[in-house]
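Printed here is query_13.txt (compact mmCIF, C-alpha atoms):
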# COMPACT_ATOMS: atom_id res chain seq x y z
CA MET U 3 13.55 4.75 -8.69
CA ALA U 4 16.13 1.97 -8.90
CA ASN U 5 18.71 3.68 -6.67
CA ASP U 6 19.74 2.28 -3.30
CA TYR U 7 17.73 5.06 -1.65
CA PHE U 8 14.87 7.44 -2.39
CA SER U 9 14.58 10.80 -0.65
CA PHE U 10 11.26 12.36 0.31
CA LYS U 11 10.73 15.73 2.00
CA GLN U 12 10.84 14.43 5.56
CA PHE U 13 12.48 11.01 5.32
CA THR U 14 14.71 8.83 3.17
CA VAL U 15 13.94 5.23 2.23
CA ARG U 16 16.97 2.98 1.78
CA GLN U 17 16.13 -0.07 -0.27
CA ASP U 18 19.33 -1.94 -1.16
CA ARG U 19 18.29 -5.02 0.84
CA CYS U 20 14.62 -5.11 -0.16
CA ALA U 21 13.24 -7.01 -3.14
CA MET U 22 10.61 -4.41 -3.95
CA LYS U 23 11.87 -0.86 -4.39
CA VAL U 24 10.12 2.44 -3.83
CA GLY U 25 7.57 2.84 -6.60
CA THR U 26 4.50 4.74 -7.69
CA ASP U 27 2.08 2.16 -6.27
CA GLY U 28 3.29 2.49 -2.69
CA THR U 29 3.50 6.26 -2.91
CA LEU U 30 -0.06 6.45 -4.24
CA LEU U 31 -1.46 4.31 -1.45
CA GLY U 32 0.47 6.09 1.29
CA ALA U 33 -0.89 9.43 0.12
CA TRP U 34 -4.47 8.24 -0.58
CA ALA U 35 -5.46 5.85 2.23
CA HIS U 36 -7.53 7.03 5.18
CA GLY U 37 -5.87 6.79 8.56
CA GLY U 38 -6.96 6.29 12.15
CA GLN U 39 -5.60 5.98 15.67
CA HIS U 40 -4.13 2.53 15.00
CA ILE U 41 -2.72 1.83 11.53
CA LEU U 42 -1.35 -1.43 10.15
CA ASP U 43 0.73 -1.78 6.98
CA ILE U 44 0.70 -5.41 5.77
CA GLY U 45 3.73 -6.45 3.73
CA SER U 46 5.55 -3.23 4.53
CA GLY U 47 8.84 -3.93 2.73
CA THR U 48 11.03 -0.82 3.04
CA GLY U 49 8.50 0.81 5.37
CA LEU U 50 7.56 3.46 2.80
CA ILE U 51 3.78 3.34 3.24
CA ALA U 52 4.03 3.07 7.02
CA LEU U 53 6.29 6.14 7.13
CA MET U 54 3.91 8.07 4.88
CA MET U 55 0.97 7.19 7.12
CA ALA U 56 2.99 8.18 10.20
CA GLN U 57 3.74 11.55 8.60
CA ARG U 58 0.10 12.14 7.62
CA PHE U 59 -1.34 10.99 10.94
CA PRO U 60 1.17 12.07 13.61
CA ASP U 61 -1.06 11.06 16.54
CA ALA U 62 -1.54 7.50 15.26
CA THR U 63 0.16 4.31 16.34
CA VAL U 64 1.61 2.78 13.17
CA VAL U 65 2.67 -0.87 12.86
CA ALA U 66 4.51 -2.27 9.83
CA VAL U 67 4.51 -6.05 9.43
CA ASP U 68 6.45 -8.16 6.95
CA ILE U 69 7.38 -11.85 6.76
CA ASP U 70 10.80 -11.02 5.24
CA ALA U 71 13.35 -10.53 8.04
CA GLU U 72 15.81 -8.59 5.87
CA ALA U 73 13.10 -6.20 4.72
CA CYS U 74 12.11 -5.63 8.35
CA ARG U 75 15.68 -4.83 9.32
CA GLN U 76 15.88 -2.27 6.53
CA ALA U 77 12.47 -0.82 7.39
CA ALA U 78 13.52 -0.46 11.03
CA GLU U 79 16.66 1.39 9.93
CA ASN U 80 14.58 3.70 7.71
CA VAL U 81 12.26 4.43 10.62
CA ALA U 82 15.16 5.05 13.00
CA ALA U 83 16.63 7.59 10.56
CA SER U 84 13.28 9.39 10.20
CA PRO U 85 11.47 11.79 12.58
CA PHE U 86 8.51 9.39 12.81
CA GLU U 87 7.56 6.46 15.03
CA VAL U 88 6.65 3.14 13.43
CA THR U 89 6.79 -0.28 15.07
CA VAL U 90 8.28 -2.81 12.64
CA VAL U 91 7.31 -6.43 13.28
CA ASN U 92 8.87 -9.43 11.51
CA THR U 93 6.02 -11.93 11.54
CA ASP U 94 3.27 -13.48 9.46
CA VAL U 95 0.15 -11.31 9.62
CA LYS U 96 -1.79 -14.48 10.46
CA GLU U 97 -0.06 -14.46 13.86
CA MET U 98 -1.28 -10.98 14.78
CA ASP U 99 -4.31 -10.36 16.96
CA SER U 100 -4.44 -6.61 17.69
CA LEU U 101 -7.22 -4.50 16.15
CA PHE U 102 -6.63 -1.55 13.82
CA ASP U 103 -8.95 1.10 12.44
CA SER U 104 -6.87 1.57 9.28
CA ILE U 105 -5.17 -1.26 7.40
CA VAL U 106 -3.16 -0.62 4.24
CA SER U 107 -1.37 -2.96 1.87
CA ASN U 108 0.49 -2.95 -1.42
CA PRO U 109 0.13 -6.73 -1.76
CA PRO U 110 2.00 -9.30 -3.86
CA TYR U 111 0.48 -9.03 -7.31
CA PHE U 112 1.59 -11.91 -9.55
CA ILE U 113 -1.09 -14.61 -9.72
CA ASP U 114 -0.69 -17.95 -11.52
CA SER U 115 2.66 -16.92 -12.98
CA LEU U 116 6.13 -18.48 -12.90
CA GLU U 117 7.81 -17.66 -9.63
CA CYS U 118 11.20 -15.99 -9.53
CA PRO U 119 14.10 -18.19 -8.32
CA ASP U 120 15.02 -15.36 -5.93
CA HIS U 121 13.06 -16.30 -2.79
CA GLN U 122 12.99 -12.74 -1.44
CA ARG U 123 11.49 -11.38 -4.68
CA THR U 124 8.99 -14.23 -4.77
CA ILE U 125 7.77 -13.29 -1.28
CA ALA U 126 7.46 -9.64 -2.27
CA ARG U 127 5.88 -10.08 -5.70
CA HIS U 128 3.93 -13.34 -5.88
CA ALA U 129 0.53 -13.92 -4.30
CA SER U 130 1.63 -17.44 -3.36
CA SER U 131 3.30 -15.87 -0.31
CA LEU U 132 0.10 -14.07 0.67
CA THR U 133 -2.98 -14.90 -1.38
CA TYR U 134 -5.71 -12.33 -1.82
CA ALA U 135 -8.02 -14.57 0.23
CA GLU U 136 -5.50 -14.61 3.09
CA LEU U 137 -4.83 -10.88 2.84
CA VAL U 138 -8.52 -9.95 2.84
CA GLY U 139 -9.39 -12.50 5.52
CA ASN U 140 -6.73 -11.24 7.90
CA ALA U 141 -7.58 -7.61 7.18
CA TYR U 142 -11.21 -8.32 8.04
CA ARG U 143 -10.17 -10.14 11.22
CA LEU U 144 -7.88 -7.34 12.39
CA LEU U 145 -10.07 -4.38 11.37
CA THR U 146 -12.32 -2.61 13.85
CA SER U 147 -16.03 -2.44 13.06
CA ASP U 148 -15.71 1.13 11.76
CA GLY U 149 -12.24 0.75 10.22
CA GLU U 150 -11.12 0.99 6.59
CA PHE U 151 -8.95 -1.43 4.59
CA SER U 152 -7.10 0.13 1.62
CA VAL U 153 -5.04 -1.48 -1.14
CA VAL U 154 -3.34 -0.63 -4.43
CA ILE U 155 -3.46 -3.33 -7.12
CA PRO U 156 -2.86 -3.75 -10.86
CA ALA U 157 -5.97 -3.30 -13.01
CA GLU U 158 -5.96 -6.97 -14.03
CA CYS U 159 -6.21 -8.03 -10.37
CA LYS U 160 -9.17 -5.83 -9.46
CA SER U 161 -11.97 -8.35 -9.98
CA LYS U 162 -10.07 -11.05 -8.10
CA LEU U 163 -9.47 -8.90 -5.03
CA GLU U 164 -12.97 -7.43 -5.06
CA GLY U 165 -14.41 -10.93 -5.25
CA GLU U 166 -12.42 -12.06 -2.22
CA ALA U 167 -13.42 -8.91 -0.35
CA ALA U 168 -17.12 -9.52 -1.06
CA LEU U 169 -16.87 -13.15 0.04
CA GLN U 170 -15.31 -12.04 3.30
CA GLY U 171 -18.06 -9.50 3.99
CA PHE U 172 -16.38 -6.26 2.92
CA PHE U 173 -18.15 -3.45 1.06
CA LYS U 174 -16.24 -1.15 -1.28
CA VAL U 175 -16.48 2.47 -0.18
CA ARG U 176 -13.86 4.17 -2.38
CA GLU U 177 -12.23 3.47 -5.73
CA CYS U 178 -9.73 5.46 -7.76
CA ALA U 179 -8.75 4.29 -11.25
CA VAL U 180 -5.21 5.49 -12.00
CA LYS U 181 -3.78 5.96 -15.49
CA THR U 182 -0.13 6.58 -16.29
CA THR U 183 -1.10 9.13 -18.97
CA PRO U 184 -4.51 10.40 -20.13
CA ARG U 185 -4.59 8.24 -23.28
CA LYS U 186 -3.50 4.98 -21.69
CA ALA U 187 -5.78 2.41 -20.12
CA THR U 188 -6.13 2.26 -16.35
CA LYS U 189 -3.00 0.60 -14.96
CA ARG U 190 -3.80 0.35 -11.23
CA TYR U 191 -6.63 0.83 -8.77
CA LEU U 192 -6.75 2.27 -5.29
CA LEU U 193 -9.54 0.50 -3.40
CA ALA U 194 -10.96 0.98 0.10
CA PHE U 195 -13.33 -1.34 1.94
CA ARG U 196 -15.37 -1.27 5.13
CA LYS U 197 -17.47 -3.79 7.02
CA HIS U 198 -20.66 -1.80 6.53
CA ARG U 199 -22.42 -1.00 3.27
CA VAL U 200 -22.50 2.60 2.05
CA GLU U 201 -25.22 4.01 -0.16
CA ASN U 202 -22.84 5.22 -2.85
CA ALA U 203 -19.18 4.32 -3.14
CA GLU U 204 -16.86 7.19 -4.04
CA ILE U 205 -15.57 6.53 -7.60
CA THR U 206 -12.81 8.76 -8.98
CA GLU U 207 -10.02 8.75 -11.56
CA GLY U 208 -6.46 9.99 -11.52
CA VAL U 209 -3.61 10.47 -14.01
CA ILE U 210 0.08 10.36 -13.08
CA GLU U 211 1.54 12.37 -15.97
CA THR U 212 -0.07 14.69 -18.50
CA SER U 213 2.98 14.20 -20.77
CA PRO U 214 6.36 12.45 -20.35
CA ASN U 215 7.98 13.52 -17.06
CA VAL U 216 5.27 16.12 -16.37
CA ARG U 217 3.27 15.21 -13.28
CA SER U 218 -0.44 15.97 -13.42
CA GLU U 219 -2.07 18.49 -11.10
CA TRP U 220 -3.94 15.59 -9.43
CA TYR U 221 -0.75 13.66 -8.69
CA GLN U 222 1.10 16.77 -7.54
CA GLN U 223 -1.66 17.64 -5.09
CA LEU U 224 -1.88 14.08 -3.80
CA THR U 225 1.86 13.77 -3.17
CA LYS U 226 2.82 17.39 -2.43
CA ASP U 227 3.76 16.66 1.18
CA PHE U 228 6.24 13.97 0.13
CA TYR U 229 8.07 14.56 -3.14
CA LEU U 230 10.98 16.96 -3.17

Take the structure from the file and write it as structure tokens.
Amino acid sequence: MANDYFSFKQFTVRQDRCAMKVGTDGTLLGAWAHGGQHILDIGSGTGLIALMMAQRFPDATVVAVDIDAEACRQAAENVAASPFEVTVVNTDVKEMDSLFDSIVSNPPYFIDSLECPDHQRTIARHASSLTYAELVGNAYRLLTSDGEFSVVIPAECKSKLEGEAALQGFFKVRECAVKTTPRKATKRYLLAFRKHRVENAEITEGVIETSPNVRSEWYQQLTKDFYL
């Protein structure tokens, strides 16, 4: 997935000017997250997740926000070349004030680690550019009372993000532990939160590949509307 572009069934994502390329994490979240009438993708990068949500929920208004101007320009170009409508906004999410009933994010994931000298990659990858507390706080502020906030994060970041979500007043409603292969430890989590407690959160597991380069039935079903 290191090419300058990645082709899906209904759109192509060009990524030569974005620090973070198309990857499994974004594809997982775009295929897994619940939608709504008004959807916000925080830290949209290439626009991948926003485009996936626009494809899955054709009647929704989708907004993609990113603080990186170059990423926003590329995302806007990807949207313009697609059959879908997404509004790309180059701003800090802290400056937004509209409400959304679905908020998604593949957030910066490096915490307490040495930052890359490349400023664009630092913004995309390090939580110093958007801490979990800031992400969760702004998601809570911009989410409607019945909305859902969904993220994909590395396994080692799960407790940190869940802690921030609980402090803010979120309740976890869905969780999917994702393994690369059946025998490996969980590598990433898909998590969904709401403002109201549920009796039993939905807890599931998923595997990307059953063997090298052989996608599992779970992953094929999840992404069947996107991968060629």

In terms of the shortest atom-to-atom distance over only C-alpha atoms, which of U:Phe228, U:Phe173, U:Arg16, U:Tyr221 is closest to Glu204 (chain U)?
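Checking each of U:Phe228, U:Phe173, U:Arg16, U:Tyr221 against Glu204 (chain U), counting only C-alpha atoms, the winner is U:Phe173.
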
Can you measure CA of Phe13 (chain U) to CA of Ala83 (chain U) for me? One decimal in Å is fine.
7.5 Å

Emit as AutoDock Vina command-line options the padded axis-aligned box for all listed atoms of region 56-68 of chain U, 4 Å per side, with centre and edge lengths in Å to one decimal.
--center_x 2.5 --center_y 2.0 --center_z 11.7 --size_x 16.0 --size_y 28.3 --size_z 17.6

What is the distance between CA of Phe86 (chain U) and CA of Pro60 (chain U), in Å to one decimal?
7.9 Å

Quote the spacing between CA of Asp99 (chain U) and CA of Thr29 (chain U) in Å to one decimal place.
27.1 Å

So that each row is one residue of region 69-110 of chain U with an atom at most 9 Å from region 132-154 of chain U, can you give its shortest atom pair and the distance in Å to one decimal, using only C-alpha atoms, rows by chain and rising number, as a tab-separated table?
residue	atom	partner	partner_atom	distance
U:Val95	CA	U:Asn140	CA	7.1
U:Lys96	CA	U:Asn140	CA	6.4
U:Met98	CA	U:Leu144	CA	7.9
U:Asp99	CA	U:Leu144	CA	6.5
U:Ser100	CA	U:Leu144	CA	6.4
U:Leu101	CA	U:Leu144	CA	4.8
U:Phe102	CA	U:Leu145	CA	5.1
U:Asp103	CA	U:Gly149	CA	4.0
U:Ser104	CA	U:Glu150	CA	5.1
U:Ile105	CA	U:Phe151	CA	4.7
U:Val106	CA	U:Ser152	CA	4.8
U:Ser107	CA	U:Val153	CA	5.0
U:Asn108	CA	U:Val154	CA	5.4
U:Pro109	CA	U:Val153	CA	7.4
U:Pro110	CA	U:Leu132	CA	6.8

Show which residues sit within 9 Å of Val90 (chain U), as a PyMOL selection string. Count all atoms listed in the file, and ignore same-chain residues fewer than 2 positions away.
chain U and resi 46+49+64-68+74-75+77-78+81+88+92

Need to verify the contact set: region 177-191 of chain U, 8 Å, all atoms listed in the file, exclusion of same-chain residues closer than 4 positions in sequence. Can you return it as a ChimeraX atom specification?
/U:27,154-157,160,203-213

As a JSON list (two decimals) with C-alpha atoms, in the frame of the given file, please: the residues near Val24 (chain U) (cut-off 9 Å, all atoms listed in the file, same-chain neighbours under 3 positions excluded).
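Writing the result to around16.json gives the following:
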[["chain", "number", "residue", "atom", "x", "y", "z"],
["U", 3, "MET", "CA", 13.55, 4.75, -8.69],
["U", 4, "ALA", "CA", 16.13, 1.97, -8.90],
["U", 7, "TYR", "CA", 17.73, 5.06, -1.65],
["U", 8, "PHE", "CA", 14.87, 7.44, -2.39],
["U", 15, "VAL", "CA", 13.94, 5.23, 2.23],
["U", 16, "ARG", "CA", 16.97, 2.98, 1.78],
["U", 17, "GLN", "CA", 16.13, -0.07, -0.27],
["U", 27, "ASP", "CA", 2.08, 2.16, -6.27],
["U", 28, "GLY", "CA", 3.29, 2.49, -2.69],
["U", 29, "THR", "CA", 3.50, 6.26, -2.91],
["U", 48, "THR", "CA", 11.03, -0.82, 3.04],
["U", 50, "LEU", "CA", 7.56, 3.46, 2.80]]

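The residue that comes closest to Cys20 (chain U), out of U:Gly32, U:Gly47, U:Gly38, U:Gly171 and on the basis of only C-alpha atoms, is U:Gly47.
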
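Proximity to Tyr229 (chain U) was assessed for U:Arg19, U:Lys11, U:Lys162, U:Arg58 counting only C-alpha atoms; the smallest distance is recorded for U:Lys11.
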
Identify which of the residues U:Val216, U:Ser84, U:Met55, U:Glu79 lies closest to Ser9 (chain U), counting all atoms listed in the file when measuring atom-to-atom distances.
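For Ser9 (chain U), the nearest of the candidates is U:Ser84.
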
Name the closest residue to Lys197 (chain U) among the candidates U:Ser218, U:Gln170, U:Gln223, U:Thr63; distances are taken between atoms, counting only C-alpha atoms.
U:Gln170

Choose the residue, out of U:Glu219, U:Ile41, U:Pro214, U:Leu230, that has the smallest atom-to-atom separation from Thr14 (chain U); count all atoms listed in the file.
U:Leu230

Rebuild region 158-193 of chain U to N, CA and C atoms - output it as a PDB file, in the frame of the given file, please.
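Result written to rebuild-v1.pdb:
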ATOM      1  N   GLU U 158      -5.552  -5.609 -13.713  1.00  0.00           N
ATOM      2  CA  GLU U 158      -5.960  -6.970 -14.030  1.00  0.00           C
ATOM      3  C   GLU U 158      -6.279  -7.809 -12.796  1.00  0.00           C
ATOM      4  N   CYS U 159      -5.934  -7.306 -11.608  1.00  0.00           N
ATOM      5  CA  CYS U 159      -6.210  -8.030 -10.370  1.00  0.00           C
ATOM      6  C   CYS U 159      -7.447  -7.522  -9.639  1.00  0.00           C
ATOM      7  N   LYS U 160      -8.064  -6.491 -10.169  1.00  0.00           N
ATOM      8  CA  LYS U 160      -9.170  -5.830  -9.460  1.00  0.00           C
ATOM      9  C   LYS U 160     -10.331  -6.768  -9.172  1.00  0.00           C
ATOM     10  N   SER U 161     -10.802  -7.485 -10.173  1.00  0.00           N
ATOM     11  CA  SER U 161     -11.970  -8.350  -9.980  1.00  0.00           C
ATOM     12  C   SER U 161     -11.666  -9.464  -8.990  1.00  0.00           C
ATOM     13  N   LYS U 162     -10.458  -9.985  -9.024  1.00  0.00           N
ATOM     14  CA  LYS U 162     -10.070 -11.050  -8.100  1.00  0.00           C
ATOM     15  C   LYS U 162     -10.102 -10.562  -6.656  1.00  0.00           C
ATOM     16  N   LEU U 163      -9.500  -9.403  -6.397  1.00  0.00           N
ATOM     17  CA  LEU U 163      -9.470  -8.900  -5.030  1.00  0.00           C
ATOM     18  C   LEU U 163     -10.859  -8.485  -4.562  1.00  0.00           C
ATOM     19  N   GLU U 164     -11.623  -7.844  -5.437  1.00  0.00           N
ATOM     20  CA  GLU U 164     -12.970  -7.430  -5.060  1.00  0.00           C
ATOM     21  C   GLU U 164     -13.849  -8.643  -4.754  1.00  0.00           C
ATOM     22  N   GLY U 165     -13.651  -9.712  -5.504  1.00  0.00           N
ATOM     23  CA  GLY U 165     -14.410 -10.930  -5.250  1.00  0.00           C
ATOM     24  C   GLY U 165     -14.100 -11.515  -3.883  1.00  0.00           C
ATOM     25  N   GLU U 166     -12.819 -11.555  -3.538  1.00  0.00           N
ATOM     26  CA  GLU U 166     -12.420 -12.060  -2.220  1.00  0.00           C
ATOM     27  C   GLU U 166     -12.951 -11.161  -1.113  1.00  0.00           C
ATOM     28  N   ALA U 167     -12.922  -9.852  -1.350  1.00  0.00           N
ATOM     29  CA  ALA U 167     -13.420  -8.910  -0.350  1.00  0.00           C
ATOM     30  C   ALA U 167     -14.915  -9.112  -0.113  1.00  0.00           C
ATOM     31  N   ALA U 168     -15.676  -9.303  -1.186  1.00  0.00           N
ATOM     32  CA  ALA U 168     -17.120  -9.520  -1.060  1.00  0.00           C
ATOM     33  C   ALA U 168     -17.422 -10.818  -0.324  1.00  0.00           C
ATOM     34  N   LEU U 169     -16.677 -11.864  -0.635  1.00  0.00           N
ATOM     35  CA  LEU U 169     -16.870 -13.150   0.040  1.00  0.00           C
ATOM     36  C   LEU U 169     -16.620 -13.032   1.535  1.00  0.00           C
ATOM     37  N   GLN U 170     -15.650 -12.193   1.896  1.00  0.00           N
ATOM     38  CA  GLN U 170     -15.310 -12.040   3.300  1.00  0.00           C
ATOM     39  C   GLN U 170     -16.346 -11.222   4.061  1.00  0.00           C
ATOM     40  N   GLY U 171     -17.056 -10.343   3.344  1.00  0.00           N
ATOM     41  CA  GLY U 171     -18.060  -9.500   3.990  1.00  0.00           C
ATOM     42  C   GLY U 171     -17.747  -8.019   3.911  1.00  0.00           C
ATOM     43  N   PHE U 172     -16.736  -7.659   3.103  1.00  0.00           N
ATOM     44  CA  PHE U 172     -16.380  -6.260   2.920  1.00  0.00           C
ATOM     45  C   PHE U 172     -17.296  -5.590   1.893  1.00  0.00           C
ATOM     46  N   PHE U 173     -17.435  -4.268   2.034  1.00  0.00           N
ATOM     47  CA  PHE U 173     -18.150  -3.450   1.060  1.00  0.00           C
ATOM     48  C   PHE U 173     -17.200  -2.362   0.577  1.00  0.00           C
ATOM     49  N   LYS U 174     -17.124  -2.185  -0.730  1.00  0.00           N
ATOM     50  CA  LYS U 174     -16.240  -1.150  -1.280  1.00  0.00           C
ATOM     51  C   LYS U 174     -16.837   0.226  -1.012  1.00  0.00           C
ATOM     52  N   VAL U 175     -16.003   1.120  -0.485  1.00  0.00           N
ATOM     53  CA  VAL U 175     -16.480   2.470  -0.180  1.00  0.00           C
ATOM     54  C   VAL U 175     -15.781   3.543  -1.030  1.00  0.00           C
ATOM     55  N   ARG U 176     -14.588   3.217  -1.539  1.00  0.00           N
ATOM     56  CA  ARG U 176     -13.860   4.170  -2.380  1.00  0.00           C
ATOM     57  C   ARG U 176     -13.099   3.414  -3.463  1.00  0.00           C
ATOM     58  N   GLU U 177     -12.994   4.034  -4.617  1.00  0.00           N
ATOM     59  CA  GLU U 177     -12.230   3.470  -5.730  1.00  0.00           C
ATOM     60  C   GLU U 177     -11.635   4.600  -6.537  1.00  0.00           C
ATOM     61  N   CYS U 178     -10.367   4.481  -6.885  1.00  0.00           N
ATOM     62  CA  CYS U 178      -9.730   5.460  -7.760  1.00  0.00           C
ATOM     63  C   CYS U 178      -8.985   4.699  -8.861  1.00  0.00           C
ATOM     64  N   ALA U 179      -9.409   4.887 -10.099  1.00  0.00           N
ATOM     65  CA  ALA U 179      -8.750   4.290 -11.250  1.00  0.00           C
ATOM     66  C   ALA U 179      -7.599   5.201 -11.670  1.00  0.00           C
ATOM     67  N   VAL U 180      -6.385   4.664 -11.728  1.00  0.00           N
ATOM     68  CA  VAL U 180      -5.210   5.490 -12.000  1.00  0.00           C
ATOM     69  C   VAL U 180      -4.587   5.120 -13.338  1.00  0.00           C
ATOM     70  N   LYS U 181      -4.441   6.121 -14.193  1.00  0.00           N
ATOM     71  CA  LYS U 181      -3.780   5.960 -15.490  1.00  0.00           C
ATOM     72  C   LYS U 181      -2.385   6.564 -15.431  1.00  0.00           C
ATOM     73  N   THR U 182      -1.473   6.001 -16.205  1.00  0.00           N
ATOM     74  CA  THR U 182      -0.130   6.580 -16.290  1.00  0.00           C
ATOM     75  C   THR U 182      -0.173   7.898 -17.042  1.00  0.00           C
ATOM     76  N   THR U 183      -0.872   7.914 -18.178  1.00  0.00           N
ATOM     77  CA  THR U 183      -1.100   9.130 -18.970  1.00  0.00           C
ATOM     78  C   THR U 183      -2.566   9.153 -19.396  1.00  0.00           C
ATOM     79  N   PRO U 184      -3.083  10.296 -19.811  1.00  0.00           N
ATOM     80  CA  PRO U 184      -4.510  10.400 -20.130  1.00  0.00           C
ATOM     81  C   PRO U 184      -4.991   9.409 -21.196  1.00  0.00           C
ATOM     82  N   ARG U 185      -4.154   9.065 -22.159  1.00  0.00           N
ATOM     83  CA  ARG U 185      -4.590   8.240 -23.280  1.00  0.00           C
ATOM     84  C   ARG U 185      -4.413   6.740 -23.026  1.00  0.00           C
ATOM     85  N   LYS U 186      -3.728   6.396 -21.977  1.00  0.00           N
ATOM     86  CA  LYS U 186      -3.500   4.980 -21.690  1.00  0.00           C
ATOM     87  C   LYS U 186      -4.639   4.404 -20.858  1.00  0.00           C
ATOM     88  N   ALA U 187      -4.762   3.086 -20.922  1.00  0.00           N
ATOM     89  CA  ALA U 187      -5.780   2.410 -20.120  1.00  0.00           C
ATOM     90  C   ALA U 187      -5.404   2.472 -18.644  1.00  0.00           C
ATOM     91  N   THR U 188      -6.387   2.285 -17.787  1.00  0.00           N
ATOM     92  CA  THR U 188      -6.130   2.260 -16.350  1.00  0.00           C
ATOM     93  C   THR U 188      -5.111   1.174 -16.022  1.00  0.00           C
ATOM     94  N   LYS U 189      -4.068   1.543 -15.292  1.00  0.00           N
ATOM     95  CA  LYS U 189      -3.000   0.600 -14.960  1.00  0.00           C
ATOM     96  C   LYS U 189      -3.163   0.013 -13.571  1.00  0.00           C
ATOM     97  N   ARG U 190      -3.696   0.801 -12.627  1.00  0.00           N
ATOM     98  CA  ARG U 190      -3.800   0.350 -11.230  1.00  0.00           C
ATOM     99  C   ARG U 190      -5.054   0.949 -10.602  1.00  0.00           C
ATOM    100  N   TYR U 191      -5.468   0.334  -9.523  1.00  0.00           N
ATOM    101  CA  TYR U 191      -6.630   0.830  -8.770  1.00  0.00           C
ATOM    102  C   TYR U 191      -6.268   0.999  -7.305  1.00  0.00           C
ATOM    103  N   LEU U 192      -6.741   2.071  -6.740  1.00  0.00           N
ATOM    104  CA  LEU U 192      -6.750   2.270  -5.290  1.00  0.00           C
ATOM    105  C   LEU U 192      -8.143   1.906  -4.820  1.00  0.00           C
ATOM    106  N   LEU U 193      -8.243   0.973  -3.871  1.00  0.00           N
ATOM    107  CA  LEU U 193      -9.540   0.500  -3.400  1.00  0.00           C
ATOM    108  C   LEU U 193      -9.598   0.574  -1.883  1.00  0.00           C
TER     109      LEU U 193
END
